[in-house]
Amino acid sequence: EVDDSVSEPYRYEDITDVAKKMQITVYKEDLETGTTTQGDAHLEGAEYTIYKDKDCKDAIETITIQKNEDGTYSATSGWYLSGTYYVKETKAPEGYLIDEKVYTVSQDPAAQTEEYSYHSVTSKDEVIRNSIEIVKNLEETDSTEKQSLAGAVFSATLNSDTSKVYYSEPTDESGYCVIEDLPYGTYTLRESTVPDTAYNGEFYIDGSNERKTTFEQFIEVDDSVSEPYRYEDITD
């Protein structure tokens, strides 16, 4: 109320503007399977850095992906003044190739009607894969008859989940075959079908007269190998 009893201006010293803020959540997924991981790869542990500049040199914060109770994977930043920020993966999770994309997250303060605004991006990584080349041999004998090495089949079983089994095509006449595109992980390699012309002395006949072998080899598929694995010492 303004009346003639007041000769000095009113003065308010407790009127404070509230800064508009924003927060960024990064969701992490497998490029092919979403929140389902492949092999022994893990989506948690990926690191994302948030920058002020598009050249990604002026870093503000680094956040680390964790697995949530609902099975999703994410990490959330602190609160920043509303504006434009850039998000980049700076450390890939185990078993995955890094996402090279830079994500732009922007909030115009003039268009923001609440104190807080929430933003999210989804980053997808490609799982590391490799292949196994197998060359099968026959032990030396006195026979002069040419023996075919065609028809052997090999399998690779994921050690951490034995329901995940990958098979080769049957070997060709030279004993060559490939198990392709194994996701990152540790596997047990077995010869699951032996050619009709060979056996390794350690097989049995089951009810279906299927010949089996006890050949077994452990292998690891990881990012240190750029060329297919090659086994040349598998001899019946």
# chains A, B, ... in the order shown; residues from 1 in each chain; ligands from 1
>>> residues_around(residues="region 172-181 of chain A", least_positions_apart="3", cutoff="7 Å", atoms="only C-alpha atoms", output="list in words")
Arg129, Asn130, Ser131, Ile132, Glu133, Ile134, Val135, Lys136, Asn137, Ser148, Leu149, Ala150, Gly151, Tyr167, Ser168 and Glu169 of chain A
>>> residues_around(residues="Ala41 (chain A)", least_positions_apart="4", cutoff="10 Å", atoms="only C-alpha atoms", output="PyMOL selection string")
chain A and resi 30+36-37+93-96+127-128+183-185+222
>>> write_last_selection(atoms="N, CA, C and O atoms", output="short mmCIF file (atom, residue, chain, number, x, y, z; two decimals), in the first residue's frame")
data_model
loop_
_atom_site.label_atom_id
_atom_site.label_comp_id
_atom_site.auth_asym_id
_atom_site.auth_seq_id
_atom_site.Cartn_x
_atom_site.Cartn_y
_atom_site.Cartn_z
N ASP A 30 22.90 -52.35 -27.03
CA ASP A 30 23.59 -53.10 -28.07
C ASP A 30 22.97 -52.69 -29.41
O ASP A 30 21.75 -52.56 -29.53
N THR A 36 19.75 -56.46 -24.48
CA THR A 36 20.25 -57.82 -24.33
C THR A 36 21.69 -57.88 -24.83
O THR A 36 21.95 -57.59 -25.99
N THR A 37 22.62 -58.24 -23.94
CA THR A 37 24.03 -58.29 -24.34
C THR A 37 24.32 -59.59 -25.09
O THR A 37 23.54 -60.54 -25.03
N PRO A 93 32.37 -50.13 -23.27
CA PRO A 93 32.26 -51.22 -22.29
C PRO A 93 32.96 -52.47 -22.80
O PRO A 93 33.26 -52.59 -24.00
N GLU A 94 33.22 -53.41 -21.92
CA GLU A 94 33.93 -54.64 -22.28
C GLU A 94 33.18 -55.38 -23.39
O GLU A 94 31.98 -55.64 -23.29
N GLY A 95 33.90 -55.71 -24.46
CA GLY A 95 33.33 -56.50 -25.53
C GLY A 95 32.65 -55.70 -26.63
O GLY A 95 32.08 -56.30 -27.55
N TYR A 96 32.72 -54.37 -26.56
CA TYR A 96 32.04 -53.55 -27.57
C TYR A 96 33.00 -52.56 -28.21
O TYR A 96 34.00 -52.14 -27.60
N VAL A 127 28.89 -55.03 -30.97
CA VAL A 127 29.67 -56.04 -30.24
C VAL A 127 30.89 -56.46 -31.07
O VAL A 127 30.84 -56.49 -32.30
N ILE A 128 32.00 -56.74 -30.39
CA ILE A 128 33.20 -57.26 -31.06
C ILE A 128 32.94 -58.69 -31.50
O ILE A 128 32.42 -59.50 -30.74
N PRO A 183 30.37 -63.66 -31.15
CA PRO A 183 30.44 -62.49 -30.27
C PRO A 183 31.56 -62.64 -29.24
O PRO A 183 31.95 -63.76 -28.89
N TYR A 184 32.05 -61.52 -28.77
CA TYR A 184 33.09 -61.46 -27.75
C TYR A 184 32.80 -62.45 -26.61
O TYR A 184 31.68 -62.50 -26.09
N GLY A 185 33.80 -63.26 -26.25
CA GLY A 185 33.60 -64.20 -25.14
C GLY A 185 34.59 -65.34 -25.18
O GLY A 185 35.47 -65.41 -26.04
N ASP A 222 38.17 -61.67 -28.47
CA ASP A 222 38.28 -60.36 -27.84
C ASP A 222 38.82 -59.35 -28.84
O ASP A 222 39.04 -59.66 -30.00
#
>>> closest_residue(among="A:Met22, A:Ala92, A:Val87, A:Leu182", to="Asp58 (chain A)", atoms="only C-alpha atoms")
A:Val87
>>> select_by_dssp(residues="region 31-177 of chain A", states="strand (DSSP E or B)", output="ChimeraX atom specification")
/A:34,47-51,59-64,66-67,73-76,80-81,84-91,96,102-106,116-125,127,129-137,153-158,165-167,176-177
>>> write_last_selection(atoms="C-alpha atoms", output="compact mmCIF listing (two decimals), in the first residue's frame")
# COMPACT_ATOMS: atom_id res chain seq x y z
CA GLY A 34 18.97 -53.51 -27.49
CA GLU A 47 31.94 -43.82 -19.93
CA TYR A 48 30.51 -40.68 -21.49
CA THR A 49 31.99 -37.22 -21.24
CA ILE A 50 29.88 -34.07 -21.52
CA TYR A 51 31.47 -31.05 -23.19
CA ALA A 59 34.88 -31.22 -20.64
CA ILE A 60 32.41 -30.69 -17.83
CA GLU A 61 31.76 -34.15 -16.44
CA THR A 62 32.27 -37.85 -17.13
CA ILE A 63 29.48 -40.28 -16.23
CA THR A 64 29.55 -44.10 -16.11
CA GLN A 66 25.24 -48.76 -14.82
CA LYS A 67 22.58 -51.44 -15.07
CA TYR A 73 21.49 -49.30 -18.81
CA SER A 74 22.00 -45.59 -18.19
CA ALA A 75 23.91 -42.77 -16.51
CA THR A 76 22.68 -39.30 -15.53
CA TYR A 80 23.84 -27.52 -15.86
CA LEU A 81 22.65 -24.07 -16.87
CA THR A 84 23.81 -26.56 -25.62
CA TYR A 85 26.07 -29.45 -24.64
CA TYR A 86 27.82 -32.29 -26.45
CA VAL A 87 27.97 -35.92 -25.31
CA LYS A 88 30.56 -38.45 -26.50
CA GLU A 89 31.47 -41.99 -25.47
CA THR A 90 35.07 -41.88 -24.21
CA LYS A 91 35.38 -45.46 -22.96
CA TYR A 96 32.04 -53.55 -27.57
CA VAL A 102 28.85 -36.92 -30.84
CA TYR A 103 25.36 -36.24 -29.52
CA THR A 104 24.10 -32.65 -29.28
CA VAL A 105 21.70 -31.84 -26.44
CA SER A 106 20.17 -28.38 -26.40
CA TYR A 116 14.35 -27.92 -14.51
CA SER A 117 14.35 -29.66 -17.88
CA TYR A 118 15.26 -33.28 -18.58
CA HIS A 119 16.94 -34.63 -21.70
CA SER A 120 18.15 -38.03 -22.89
CA VAL A 121 20.11 -39.67 -25.69
CA THR A 122 20.47 -43.35 -26.61
CA SER A 123 23.91 -44.59 -27.65
CA LYS A 124 24.33 -47.99 -29.32
CA ASP A 125 27.57 -49.99 -29.53
CA VAL A 127 29.67 -56.04 -30.24
CA ARG A 129 33.12 -60.37 -33.27
CA ASN A 130 35.63 -62.75 -34.76
CA SER A 131 35.71 -65.99 -36.73
CA ILE A 132 37.51 -69.31 -36.31
CA GLU A 133 39.17 -70.93 -39.33
CA ILE A 134 39.71 -74.68 -38.89
CA VAL A 135 41.90 -76.96 -41.00
CA LYS A 136 41.40 -80.66 -40.30
CA ASN A 137 44.12 -83.28 -40.95
CA VAL A 153 31.31 -80.10 -38.33
CA PHE A 154 32.69 -78.03 -35.47
CA SER A 155 30.82 -76.18 -32.74
CA ALA A 156 31.78 -73.32 -30.41
CA THR A 157 29.90 -73.20 -27.09
CA LEU A 158 29.91 -70.07 -24.95
CA VAL A 165 26.23 -72.78 -29.56
CA TYR A 166 27.56 -71.74 -32.97
CA TYR A 167 28.26 -74.28 -35.73
CA TYR A 176 38.67 -76.51 -44.14
CA CYS A 177 35.72 -74.79 -42.45
>>> residues_around(residues="Ser82 (chain A)", least_positions_apart="3", cutoff="7 Å", atoms="only C-alpha atoms", output="PyMOL selection string")
chain A and resi 20-22+107-109
>>> atom_distance(atom1="CA of Leu97 (chain A)", atom2="CA of Thr72 (chain A)")
19.0 Å
>>> atom_distance(atom1="CA of Asp53 (chain A)", atom2="CA of Glu100 (chain A)")
16.1 Å
